[in-house]
$ cat structure_22.txt   # compact mmCIF, C-alpha atoms
# COMPACT_ATOMS: atom_id res chain seq x y z
CA MET A 956 182.88 182.62 244.04
CA ALA A 957 185.74 184.58 242.50
CA ALA A 958 185.77 188.35 242.79
CA GLY A 959 183.98 190.00 239.93
CA GLN A 960 182.13 186.81 238.99
CA ALA A 961 178.38 187.26 238.57
CA HIS A 962 176.11 185.62 241.11
CA PRO A 963 173.78 182.89 239.81
CA PRO A 964 170.37 184.39 239.04
CA ILE A 965 167.40 184.37 241.38
CA VAL A 966 164.40 182.87 239.61
CA ILE A 967 160.87 184.04 240.41
CA GLY A 968 158.39 181.19 240.28
CA LEU A 969 154.59 181.35 240.48
CA SER A 970 152.58 178.68 242.33
CA ALA A 971 148.81 178.25 242.07
CA VAL A 972 146.52 176.74 244.71
CA VAL A 973 143.41 176.01 242.63
CA VAL A 974 140.45 175.09 244.83
CA ALA A 975 137.05 173.60 244.01
CA VAL A 976 134.35 171.75 245.96
CA ARG A 977 133.18 168.39 244.63
CA ASP A 978 130.66 166.10 246.34
CA GLY A 979 131.03 168.05 249.56
CA GLU A 980 134.83 167.88 249.63
CA ALA A 981 137.33 170.71 249.16
CA MET A 982 139.66 169.70 246.31
CA VAL A 983 142.98 171.10 245.10
CA LEU A 984 144.45 170.76 241.62
CA THR A 985 147.80 168.93 241.68
CA VAL A 986 150.46 168.09 239.12
CA LYS A 987 153.35 165.63 239.04
CA PRO A 988 156.76 167.20 238.33
CA ARG A 989 158.25 166.75 234.88
CA GLY A 990 161.62 167.46 233.31
CA GLU A 991 165.17 166.95 234.49
CA GLY A 992 165.55 166.08 238.15
CA ALA A 993 161.92 165.05 238.49
CA ALA A 994 162.75 161.39 239.14
CA ALA A 995 163.61 162.13 242.76
CA THR A 996 160.11 163.47 243.43
CA SER A 997 158.14 161.39 240.93
CA ASP A 998 155.86 159.96 243.60
CA LEU A 999 154.98 163.35 245.08
CA ALA A 1000 152.32 165.76 243.95
CA GLY A 1001 152.91 169.47 243.58
CA LEU A 1002 150.96 172.59 242.76
CA PRO A 1003 150.86 174.02 239.25
CA PHE A 1004 154.11 175.98 239.05
CA GLY A 1005 156.03 177.92 236.46
CA PRO A 1006 158.79 180.52 236.15
CA PHE A 1007 158.08 184.20 235.57
CA ASP A 1008 159.74 185.52 232.42
CA PRO A 1009 159.90 189.34 232.59
CA ASP A 1010 160.48 189.53 228.84
CA ALA A 1011 157.45 187.42 227.95
CA HIS A 1012 154.99 188.19 230.78
CA ARG A 1013 153.54 191.62 231.43
CA THR A 1014 152.22 190.72 234.92
CA PHE A 1015 152.56 187.88 237.42
CA GLU A 1016 148.86 187.05 237.16
CA LEU A 1017 148.86 186.82 233.38
CA ALA A 1018 151.90 184.53 233.56
CA LEU A 1019 150.17 182.40 236.20
CA ARG A 1020 147.02 182.01 234.12
CA ALA A 1021 149.02 181.11 231.02
CA PHE A 1022 151.16 178.38 232.51
CA VAL A 1023 148.34 176.86 234.59
CA THR A 1024 146.30 176.49 231.41
CA ALA A 1025 149.34 175.08 229.58
CA GLN A 1026 150.13 172.58 232.35
CA THR A 1027 146.63 171.49 233.31
CA ARG A 1028 144.40 172.64 230.42
CA PHE A 1029 142.30 174.39 233.05
CA ASP A 1030 141.27 178.06 232.82
CA LEU A 1031 141.44 180.00 236.09
CA GLY A 1032 138.60 182.18 237.35
CA TYR A 1033 138.93 184.07 240.67
CA VAL A 1034 142.60 184.66 241.57
CA GLU A 1035 144.32 186.53 244.42
CA GLN A 1036 147.94 186.73 245.51
CA LEU A 1037 148.82 184.90 248.73
CA TYR A 1038 152.40 185.40 249.85
CA THR A 1039 156.01 185.26 248.70
CA PHE A 1040 158.06 182.23 249.75
CA GLY A 1041 161.84 182.12 249.55
CA ASP A 1042 163.42 180.36 252.53
CA ARG A 1043 166.80 178.91 251.66
CA GLY A 1044 166.79 175.12 251.76
CA ARG A 1045 163.02 174.81 251.36
CA ASP A 1046 162.93 175.31 247.61
CA ALA A 1047 163.62 172.60 245.05
CA PRO A 1048 165.48 172.69 241.72
CA LEU A 1049 163.23 174.44 239.22
CA ALA A 1050 163.12 171.37 236.99
CA ASP A 1051 161.55 169.41 239.84
CA MET A 1052 158.67 171.87 239.80
CA GLY A 1053 157.87 171.89 236.14
CA GLY A 1054 160.19 174.75 235.21
CA GLY A 1055 161.84 172.85 232.38
CA ASP A 1056 164.81 174.75 231.00
CA ALA A 1057 164.05 178.01 232.76
CA GLY A 1058 167.22 179.93 233.29
CA HIS A 1059 168.56 178.48 230.02
CA GLY A 1060 170.76 175.98 231.83
CA ALA A 1061 172.41 178.55 234.10
CA ALA A 1062 172.93 177.82 237.78
CA VAL A 1063 170.15 179.17 239.97
CA SER A 1064 171.04 180.50 243.42
CA ARG A 1065 167.49 180.76 244.74
CA VAL A 1066 163.90 180.16 243.70
CA ILE A 1067 161.51 182.81 245.04
CA SER A 1068 157.94 181.56 244.76
CA VAL A 1069 154.91 183.86 244.67
CA GLY A 1070 151.81 181.91 245.72
CA TYR A 1071 148.30 182.52 244.40
CA LEU A 1072 144.87 181.30 245.48
CA ALA A 1073 142.38 180.51 242.71
CA LEU A 1074 138.75 179.47 243.23
CA THR A 1075 136.57 177.67 240.70
CA PRO A 1076 132.98 176.35 240.85
CA THR A 1077 133.75 173.05 239.09
CA ALA A 1078 136.47 170.46 239.61
CA VAL A 1079 136.51 169.49 235.96
CA GLU A 1080 138.77 166.53 235.23
CA THR A 1081 141.42 167.55 232.74
CA GLU A 1082 143.07 165.45 230.08
CA ALA A 1083 146.48 166.91 230.86
CA PRO A 1084 149.03 164.25 231.86
CA ASP A 1085 150.03 163.99 235.52
CA THR A 1086 147.23 166.34 236.61
CA ALA A 1087 144.58 165.40 239.16
CA TRP A 1088 142.22 166.82 241.76
CA ALA A 1089 143.00 165.71 245.32
CA PRO A 1090 141.10 166.35 248.56
CA TRP A 1091 142.74 168.77 250.96
CA THR A 1092 142.43 166.16 253.69
CA ARG A 1093 145.06 164.04 251.92
CA PHE A 1094 147.66 166.65 252.82
CA PHE A 1095 146.17 167.90 256.11
CA PRO A 1096 144.12 165.07 257.71
CA TRP A 1097 144.21 166.81 261.10
CA GLU A 1098 142.25 169.79 259.69
CA ASP A 1099 138.90 167.98 259.18
CA TRP A 1100 136.72 168.31 262.31
CA ARG A 1101 133.39 167.82 260.55
CA GLN A 1102 132.89 164.47 262.31
CA GLY A 1103 134.49 165.57 265.57
CA ARG A 1104 138.09 165.55 266.75
CA PRO A 1105 140.13 163.72 264.08
CA ALA A 1106 142.02 160.58 265.04
CA ALA A 1107 145.06 162.18 263.39
CA VAL A 1108 145.20 164.81 266.15
CA GLU A 1109 145.51 162.13 268.84
CA LEU A 1110 148.51 160.57 267.09
CA ILE A 1111 150.11 163.95 266.41
CA GLU A 1112 149.56 164.96 270.06
CA ASP A 1113 151.61 162.00 271.30
CA ALA A 1114 154.41 162.78 268.83
CA LEU A 1115 154.47 166.47 269.78
CA ARG A 1116 154.59 165.68 273.49
CA ARG A 1117 157.57 163.39 272.91
CA TRP A 1118 159.23 166.18 270.90
CA ALA A 1119 158.56 168.72 273.67
CA ASN A 1120 159.78 166.42 276.43
CA SER A 1121 162.99 165.68 274.52
CA ALA A 1122 164.04 169.34 274.77
CA PRO A 1123 166.22 170.81 277.52
CA ALA A 1124 164.14 171.86 280.52
CA PRO A 1125 163.96 175.60 279.64
CA LEU A 1126 162.44 174.78 276.21
CA ARG A 1127 159.90 172.13 277.24
CA ALA A 1128 157.24 174.55 278.45
CA THR A 1129 157.59 176.69 275.31
CA ARG A 1130 157.26 173.69 273.01
CA LEU A 1131 154.26 172.34 274.92
CA ALA A 1132 152.57 175.76 274.85
CA ARG A 1133 153.00 175.96 271.06
CA ALA A 1134 151.56 172.46 270.63
CA ARG A 1135 148.58 173.19 272.90
CA LEU A 1136 147.73 176.41 271.09
CA ALA A 1137 148.13 175.00 267.58
CA PHE A 1138 146.45 171.62 268.03
CA ALA A 1139 143.89 172.43 270.75
CA LEU A 1140 145.46 170.18 273.38
CA ASP A 1141 144.46 170.06 277.05
CA GLY A 1142 141.12 171.73 276.39
CA ALA A 1143 142.46 174.66 274.37
CA PRO A 1144 140.03 175.89 271.65
CA TRP A 1145 140.53 174.88 268.03
CA ASN A 1146 141.23 177.77 265.68
CA GLU A 1147 140.55 176.66 262.11
CA GLU A 1148 142.62 179.52 260.64
CA ARG A 1149 145.93 178.29 262.12
CA VAL A 1150 146.59 175.79 259.33
CA LEU A 1151 149.97 177.24 258.44
CA GLU A 1152 150.99 177.54 262.10
CA ARG A 1153 150.20 173.84 262.62
CA TYR A 1154 152.13 172.73 259.55
CA GLU A 1155 155.12 174.89 260.48
CA LEU A 1156 155.09 173.40 263.98
CA LEU A 1157 155.20 169.87 262.52
CA TYR A 1158 157.99 170.97 260.19
CA GLY A 1159 160.00 172.54 263.01
CA ALA A 1160 159.50 169.44 265.15
CA GLY A 1161 160.91 167.29 262.36
CA LEU A 1162 157.64 165.39 262.01
CA ALA A 1163 156.65 166.63 258.55
CA PRO A 1164 158.41 164.43 255.96
CA GLU A 1165 159.58 167.54 254.10
CA ALA A 1166 161.70 168.56 257.11
CA ALA A 1167 163.96 165.50 256.90
CA ARG A 1168 164.24 165.96 253.13
CA ASP A 1169 165.19 169.62 253.36
CA ARG A 1170 167.75 168.94 256.09
CA SER A 1171 169.21 165.94 254.22
CA GLU A 1172 168.46 163.74 257.20
CA ALA A 1173 167.03 160.26 257.47
CA GLY A 1174 163.40 160.45 258.54
CA GLY A 1175 162.76 159.22 262.06
CA GLU A 1176 161.01 155.93 262.57
CA ARG A 1177 157.26 156.27 262.84
CA SER A 1178 154.30 153.95 262.68
CA GLU A 1179 152.15 153.67 259.58
CA ALA A 1180 149.31 155.26 261.56
CA LEU A 1181 151.39 158.32 262.47
CA ALA A 1182 152.75 158.60 258.93
CA ALA A 1183 149.15 158.67 257.63
CA ALA A 1184 148.15 161.22 260.30
CA LEU A 1185 150.95 163.55 259.16
CA GLY A 1186 149.51 163.70 255.62
CA ALA A 1187 151.01 163.28 252.18
CA PRO A 1188 154.15 165.35 251.54
CA MET A 1189 154.50 167.51 248.45
CA ILE A 1190 157.43 168.67 246.35
CA SER A 1191 159.51 171.67 247.39
CA ASP A 1192 157.61 173.97 249.80
CA HIS A 1193 154.26 173.37 248.11
CA ARG A 1194 152.53 171.98 251.20
CA ARG A 1195 153.47 175.17 253.05
CA ILE A 1196 151.96 177.21 250.21
CA LEU A 1197 148.84 175.03 250.35
CA ALA A 1198 148.59 175.54 254.13
CA THR A 1199 148.86 179.30 253.60
CA ALA A 1200 146.01 179.16 251.08
CA LEU A 1201 143.75 177.19 253.40
CA SER A 1202 144.44 179.59 256.26
CA ARG A 1203 143.66 182.56 254.00
CA LEU A 1204 140.46 181.04 252.64
CA ARG A 1205 139.16 179.99 256.05
CA GLY A 1206 139.68 183.49 257.33
CA LYS A 1207 138.32 185.24 254.28
CA ILE A 1208 134.97 183.40 254.11
CA LYS A 1209 134.11 185.12 257.41
CA TYR A 1210 134.32 188.65 256.04
CA ARG A 1211 133.95 188.33 252.25
CA PRO A 1212 131.46 186.19 250.27
CA VAL A 1213 134.25 184.31 248.44
CA VAL A 1214 132.60 180.93 249.09
CA PHE A 1215 130.22 181.74 246.22
CA GLU A 1216 133.19 181.58 243.84
CA LEU A 1217 133.12 177.84 244.59
CA MET A 1218 129.43 177.45 243.74
CA PRO A 1219 127.67 176.97 240.38
CA GLU A 1220 125.17 179.54 239.14
CA ALA A 1221 122.29 177.63 240.79
CA PHE A 1222 122.71 175.71 244.03
CA THR A 1223 120.75 174.42 247.02
CA LEU A 1224 121.32 175.82 250.48
CA SER A 1225 122.40 172.36 251.64
CA ALA A 1226 125.10 172.30 248.95
CA LEU A 1227 126.23 175.78 250.02
CA GLN A 1228 126.44 174.67 253.64
CA ARG A 1229 128.47 171.58 252.69
CA ALA A 1230 130.87 173.79 250.73
CA VAL A 1231 131.42 176.10 253.71
CA GLU A 1232 131.90 173.09 255.99
CA ALA A 1233 134.39 171.52 253.55
CA VAL A 1234 136.50 174.67 253.55
CA ALA A 1235 136.18 175.37 257.29
CA GLY A 1236 136.63 171.74 258.31
CA ALA A 1237 133.84 172.18 260.86
CA PRO A 1238 130.12 171.33 261.07
CA LEU A 1239 127.59 174.17 260.95
CA HIS A 1240 124.23 174.46 262.65
CA LYS A 1241 121.69 174.26 259.81
CA GLN A 1242 119.07 176.64 261.21
CA ASN A 1243 121.63 179.25 262.30
CA PHE A 1244 123.37 179.02 258.94
CA ARG A 1245 120.12 179.73 257.10
CA ARG A 1246 119.20 182.58 259.42
CA VAL A 1247 122.56 184.24 258.73
CA LEU A 1248 122.02 183.79 254.98
CA GLU A 1249 118.55 185.31 255.20
CA ARG A 1250 119.80 188.36 257.11
CA SER A 1251 122.74 188.85 254.74
CA GLY A 1252 120.66 189.09 251.57
CA LEU A 1253 123.41 187.22 249.73
CA VAL A 1254 121.15 184.65 248.09
CA GLU A 1255 117.89 184.71 246.20
CA GLY A 1256 115.49 181.88 245.43
CA LEU A 1257 115.04 181.00 241.76
CA GLY A 1258 111.59 179.49 242.10
CA ARG A 1259 112.93 176.18 240.75
CA ILE A 1260 113.37 172.83 242.42
CA ASP A 1261 116.44 170.61 242.24
CA THR A 1262 115.21 167.04 241.78
CA ASP A 1263 118.70 165.54 241.53
CA THR A 1264 119.56 165.79 245.22
CA GLY A 1265 119.00 162.06 245.80
CA GLY A 1266 116.50 162.85 248.54
CA ARG A 1267 113.82 165.41 249.24
CA PRO A 1268 113.58 168.00 246.42
CA ALA A 1269 115.12 171.35 247.38
CA GLU A 1270 114.78 174.90 246.09
CA LEU A 1271 117.55 176.33 243.95
CA PHE A 1272 119.18 179.67 244.82
CA ARG A 1273 121.65 182.07 243.23
CA PHE A 1274 124.27 184.41 244.62
CA ARG A 1275 123.21 188.05 244.26
CA ARG A 1276 126.51 189.17 242.78
CA GLU A 1277 125.07 192.58 241.87
CA ILE A 1278 125.02 193.67 245.52
CA LEU A 1279 128.84 193.66 245.60
CA SER A 1280 128.82 196.99 243.79
CA ALA A 1281 125.88 198.38 245.75
CA ARG A 1282 127.04 198.07 249.36
CA PRO A 1283 129.71 196.54 251.62
CA VAL A 1284 129.12 192.80 251.90
CA SER A 1285 130.39 190.59 254.70
CA GLY A 1286 131.03 186.86 254.66
CA LEU A 1287 129.73 184.08 256.93
CA SER A 1288 130.78 184.29 260.57
CA LEU A 1289 131.71 180.69 261.32
CA PRO A 1290 132.16 180.93 265.11
CA LEU A 1291 128.46 181.88 265.38
CA LEU A 1292 127.41 178.90 263.32
CA ARG A 1293 129.40 175.97 264.66
CA ASP A 1294 127.59 173.45 266.83

$ encode --input "structure_22.txt" --output "structure tokens"
Amino acid sequence: MAAGQAHPPIVIGLSAVVVAVRDGEAMVLTVKPRGEGAAATSDLAGLPFGPFDPDAHRTFELALRAFVTAQTRFDLGYVEQLYTFGDRGRDAPLADMGGGDAGHGAAVSRVISVGYLALTPTAVETEAPDTAWAPWTRFFPWEDWRQGRPAAVELIEDALRRWANSAPAPLRATRLARARLAFALDGAPWNEERVLERYELLYGAGLAPEAARDRSEAGGERSEALAAALGAPMISDHRRILATALSRLRGKIKYRPVVFELMPEAFTLSALQRAVEAVAGAPLHKQNFRRVLERSGLVEGLGRIDTDTGGRPAELFRFRREILSARPVSGLSLPLLRD
């Protein structure tokens, strides 16, 4: 660039991970990219995304709420900021992410994305084009341990061991140690909060499809089974943002009652347990779960019965939201509840 010539602008983008629970599954709201340059990623889903305009938007959150509603016709409820993402080479052209003519046609040197986590009690289908709810397991199939160790982990383990053994001798032990810790290999314990660490390991190992794309390399040959185990890729760095959100939410439900932001006003305890399990990706012991709820004082019976459970009628409960302003309230300690 010639001396005295202005640098291309850095654009601040806002990405929303909108989460709901439907039929016992954790769902995320996705969009297909539109605008110029979208053809290259037309088969990939992304998160709701839009540019921040400092002249038009007073705050990041107000901008986020406005463009999510415009893109998906969905109104956000609970929102919290996640993290700021800006690694060179892992962002996509703004048009690929729904930014349209942001920047007014000027060259953009970098897209800095501020991620947000939003929770909603209903996965309402929208009429917005190219918008759909998708289960989290589509993007992270190795994260669902509700029925035991996922088959995806076995396939990923073999691939990671090959990656580790392909390294020069001094690096092999380090690579194997990272794989063992992240994916609970060789008897290591599974830590449900390490979602981002696991995705970043797959990215660094060149196994995540996004890695080959970002490095402008041909993807290595892999079986259909391994490709399925590695999950569906997303545009830009959106799967990394999604992994960050899942890590944050899994950690936060242990010390704050945020899971109730995913529940309707009236719910059964079985539905609440399924929601926690869907987020945590782990089964919970029913009796222990209910004992923890009883001690916490977080829920209150409504004296009504839900007859639409498809089985034995169950009592309806509500979240005692008023206690949030009365005293410190903890979440649900998952390690004490898992079978």

$ closest_residue --input "structure_22.txt" --among "A:Leu1253, A:Val973, A:Leu1037, A:Ile965" --to "A:Asp1008" --atoms "all atoms listed in the file"
A:Ile965

$ atom_distance --input "structure_22.txt" --atom1 "atom CA of A:Arg1275" --atom2 "atom CA of A:Glu1147"
27.4 Å

$ residues_around --input "structure_22.txt" --residues "A:Ile1278" --least-positions-apart "5" --cutoff "12 Å" --atoms "all atoms listed in the file" --output "ChimeraX atom specification"
/A:1212,1251-1255,1283-1285

$ residues_around --input "structure_22.txt" --residues "stretch 1018-1033 of chain A" --least-positions-apart "3" --cutoff "9 Å" --atoms "only C-alpha atoms" --output "number ranges by chain"
A: 969-971, 973, 984-986, 1003-1008, 1011-1015, 1053, 1071-1076, 1079-1087, 1216

$ residues_around --input "structure_22.txt" --residues "stretch 1243-1246 of chain A" --least-positions-apart "2" --cutoff "8 Å" --atoms "only C-alpha atoms" --output "PyMOL selection string"
chain A and resi 1224+1228+1239-1241+1248-1250+1291-1292

$ closest_residue --input "structure_22.txt" --among "A:Ala1200, A:Ala1078, A:Ala1089, A:Leu1162" --to "A:Arg1117" --atoms "all atoms listed in the file"
A:Leu1162

$ axis_aligned_box --input "structure_22.txt" --around "stretch 1252-1259 of chain A" --padding-each-side "8 Å" --output "lines of an AutoDock Vina configuration file"
center_x = 117.5
center_y = 182.6
center_z = 246.2
size_x = 27.8
size_y = 28.9
size_z = 26.8

$ closest_residue --input "structure_22.txt" --among "A:Asp978, A:Asp1010, A:Asp1141, A:Glu1179" --to "A:Glu1112" --atoms "all atoms listed in the file"
A:Asp1141

$ residues_around --input "structure_22.txt" --residues "A:Ala1184" --least-positions-apart "5" --cutoff "7 Å" --atoms "all atoms listed in the file" --output "PyMOL selection string"
chain A and resi 1096-1097+1107+1110-1111

$ residues_near_point --input "structure_22.txt" --point "(135.9, 171.9, 246.4)" --cutoff "9 Å" --atoms "all atoms listed in the file" --output "list of chain:residue names"
A:Val974, A:Ala975, A:Val976, A:Arg977, A:Asp978, A:Gly979, A:Glu980, A:Ala981, A:Met982, A:Val983, A:Leu1074, A:Thr1075, A:Pro1076, A:Thr1077, A:Ala1078, A:Pro1090, A:Trp1091, A:Leu1217, A:Met1218, A:Ala1230, A:Ala1233, A:Val1234

$ residues_around --input "structure_22.txt" --residues "A:Arg1177" --least-positions-apart "4" --cutoff "12 Å" --atoms "only C-alpha atoms" --output "ChimeraX atom specification"
/A:1110-1111,1113-1114,1161-1164,1173,1181-1185

$ atom_distance --input "structure_22.txt" --atom1 "atom CA of A:Tyr1158" --atom2 "atom CA of A:Asp1042"
13.3 Å

$ closest_residue --input "structure_22.txt" --among "A:Leu1287, A:Ala1281, A:Leu999, A:Ala1160" --to "A:Phe1215" --atoms "all atoms listed in the file"
A:Leu1287

$ build_atoms --input "structure_22.txt" --residues "stretch 1276-1291 of chain A" --atoms "N, CA, C and O atoms" --output "PDB file, in the coordinates of the input"
ATOM      1  N   ARG A1276     125.212 188.544 243.027  1.00  0.00           N
ATOM      2  CA  ARG A1276     126.510 189.170 242.780  1.00  0.00           C
ATOM      3  C   ARG A1276     126.385 190.682 242.596  1.00  0.00           C
ATOM      4  O   ARG A1276     127.340 191.437 242.885  1.00  0.00           O
ATOM      5  N   GLU A1277     125.227 191.150 242.153  1.00  0.00           N
ATOM      6  CA  GLU A1277     125.070 192.580 241.870  1.00  0.00           C
ATOM      7  C   GLU A1277     125.185 193.437 243.123  1.00  0.00           C
ATOM      8  O   GLU A1277     125.480 194.637 243.047  1.00  0.00           O
ATOM      9  N   ILE A1278     124.959 192.848 244.314  1.00  0.00           N
ATOM     10  CA  ILE A1278     125.020 193.670 245.520  1.00  0.00           C
ATOM     11  C   ILE A1278     126.458 194.017 245.898  1.00  0.00           C
ATOM     12  O   ILE A1278     126.680 194.898 246.728  1.00  0.00           O
ATOM     13  N   LEU A1279     127.440 193.347 245.290  1.00  0.00           N
ATOM     14  CA  LEU A1279     128.840 193.660 245.600  1.00  0.00           C
ATOM     15  C   LEU A1279     129.196 195.091 245.239  1.00  0.00           C
ATOM     16  O   LEU A1279     130.040 195.708 245.881  1.00  0.00           O
ATOM     17  N   SER A1280     128.552 195.617 244.203  1.00  0.00           N
ATOM     18  CA  SER A1280     128.820 196.990 243.790  1.00  0.00           C
ATOM     19  C   SER A1280     127.860 197.990 244.417  1.00  0.00           C
ATOM     20  O   SER A1280     128.031 199.196 244.254  1.00  0.00           O
ATOM     21  N   ALA A1281     126.882 197.489 245.176  1.00  0.00           N
ATOM     22  CA  ALA A1281     125.880 198.380 245.750  1.00  0.00           C
ATOM     23  C   ALA A1281     126.165 198.744 247.196  1.00  0.00           C
ATOM     24  O   ALA A1281     125.848 199.841 247.646  1.00  0.00           O
ATOM     25  N   ARG A1282     126.792 197.820 247.933  1.00  0.00           N
ATOM     26  CA  ARG A1282     127.040 198.070 249.360  1.00  0.00           C
ATOM     27  C   ARG A1282     128.120 197.128 249.866  1.00  0.00           C
ATOM     28  O   ARG A1282     128.409 196.114 249.242  1.00  0.00           O
ATOM     29  N   PRO A1283     128.740 197.458 251.017  1.00  0.00           N
ATOM     30  CA  PRO A1283     129.710 196.540 251.620  1.00  0.00           C
ATOM     31  C   PRO A1283     129.037 195.218 251.962  1.00  0.00           C
ATOM     32  O   PRO A1283     127.921 195.194 252.485  1.00  0.00           O
ATOM     33  N   VAL A1284     129.701 194.124 251.673  1.00  0.00           N
ATOM     34  CA  VAL A1284     129.120 192.800 251.900  1.00  0.00           C
ATOM     35  C   VAL A1284     130.076 191.994 252.748  1.00  0.00           C
ATOM     36  O   VAL A1284     131.269 191.893 252.444  1.00  0.00           O
ATOM     37  N   SER A1285     129.557 191.408 253.827  1.00  0.00           N
ATOM     38  CA  SER A1285     130.390 190.590 254.700  1.00  0.00           C
ATOM     39  C   SER A1285     130.291 189.126 254.272  1.00  0.00           C
ATOM     40  O   SER A1285     129.538 188.764 253.368  1.00  0.00           O
ATOM     41  N   GLY A1286     131.061 188.291 254.942  1.00  0.00           N
ATOM     42  CA  GLY A1286     131.030 186.860 254.660  1.00  0.00           C
ATOM     43  C   GLY A1286     130.140 186.148 255.655  1.00  0.00           C
ATOM     44  O   GLY A1286     129.138 186.679 256.121  1.00  0.00           O
ATOM     45  N   LEU A1287     130.524 184.919 256.019  1.00  0.00           N
ATOM     46  CA  LEU A1287     129.730 184.080 256.930  1.00  0.00           C
ATOM     47  C   LEU A1287     130.543 183.853 258.200  1.00  0.00           C
ATOM     48  O   LEU A1287     131.613 183.273 258.146  1.00  0.00           O
ATOM     49  N   SER A1288     130.028 184.339 259.334  1.00  0.00           N
ATOM     50  CA  SER A1288     130.780 184.290 260.570  1.00  0.00           C
ATOM     51  C   SER A1288     130.714 182.895 261.173  1.00  0.00           C
ATOM     52  O   SER A1288     129.762 182.549 261.876  1.00  0.00           O
ATOM     53  N   LEU A1289     131.717 182.082 260.922  1.00  0.00           N
ATOM     54  CA  LEU A1289     131.710 180.690 261.320  1.00  0.00           C
ATOM     55  C   LEU A1289     131.593 180.459 262.823  1.00  0.00           C
ATOM     56  O   LEU A1289     130.880 179.556 263.257  1.00  0.00           O
ATOM     57  N   PRO A1290     132.289 181.231 263.684  1.00  0.00           N
ATOM     58  CA  PRO A1290     132.160 180.930 265.110  1.00  0.00           C
ATOM     59  C   PRO A1290     130.725 181.010 265.610  1.00  0.00           C
ATOM     60  O   PRO A1290     130.380 180.358 266.588  1.00  0.00           O
ATOM     61  N   LEU A1291     129.852 181.787 264.954  1.00  0.00           N
ATOM     62  CA  LEU A1291     128.460 181.880 265.380  1.00  0.00           C
ATOM     63  C   LEU A1291     127.642 180.697 264.890  1.00  0.00           C
ATOM     64  O   LEU A1291     126.529 180.476 265.356  1.00  0.00           O
TER      65      LEU A1291
END
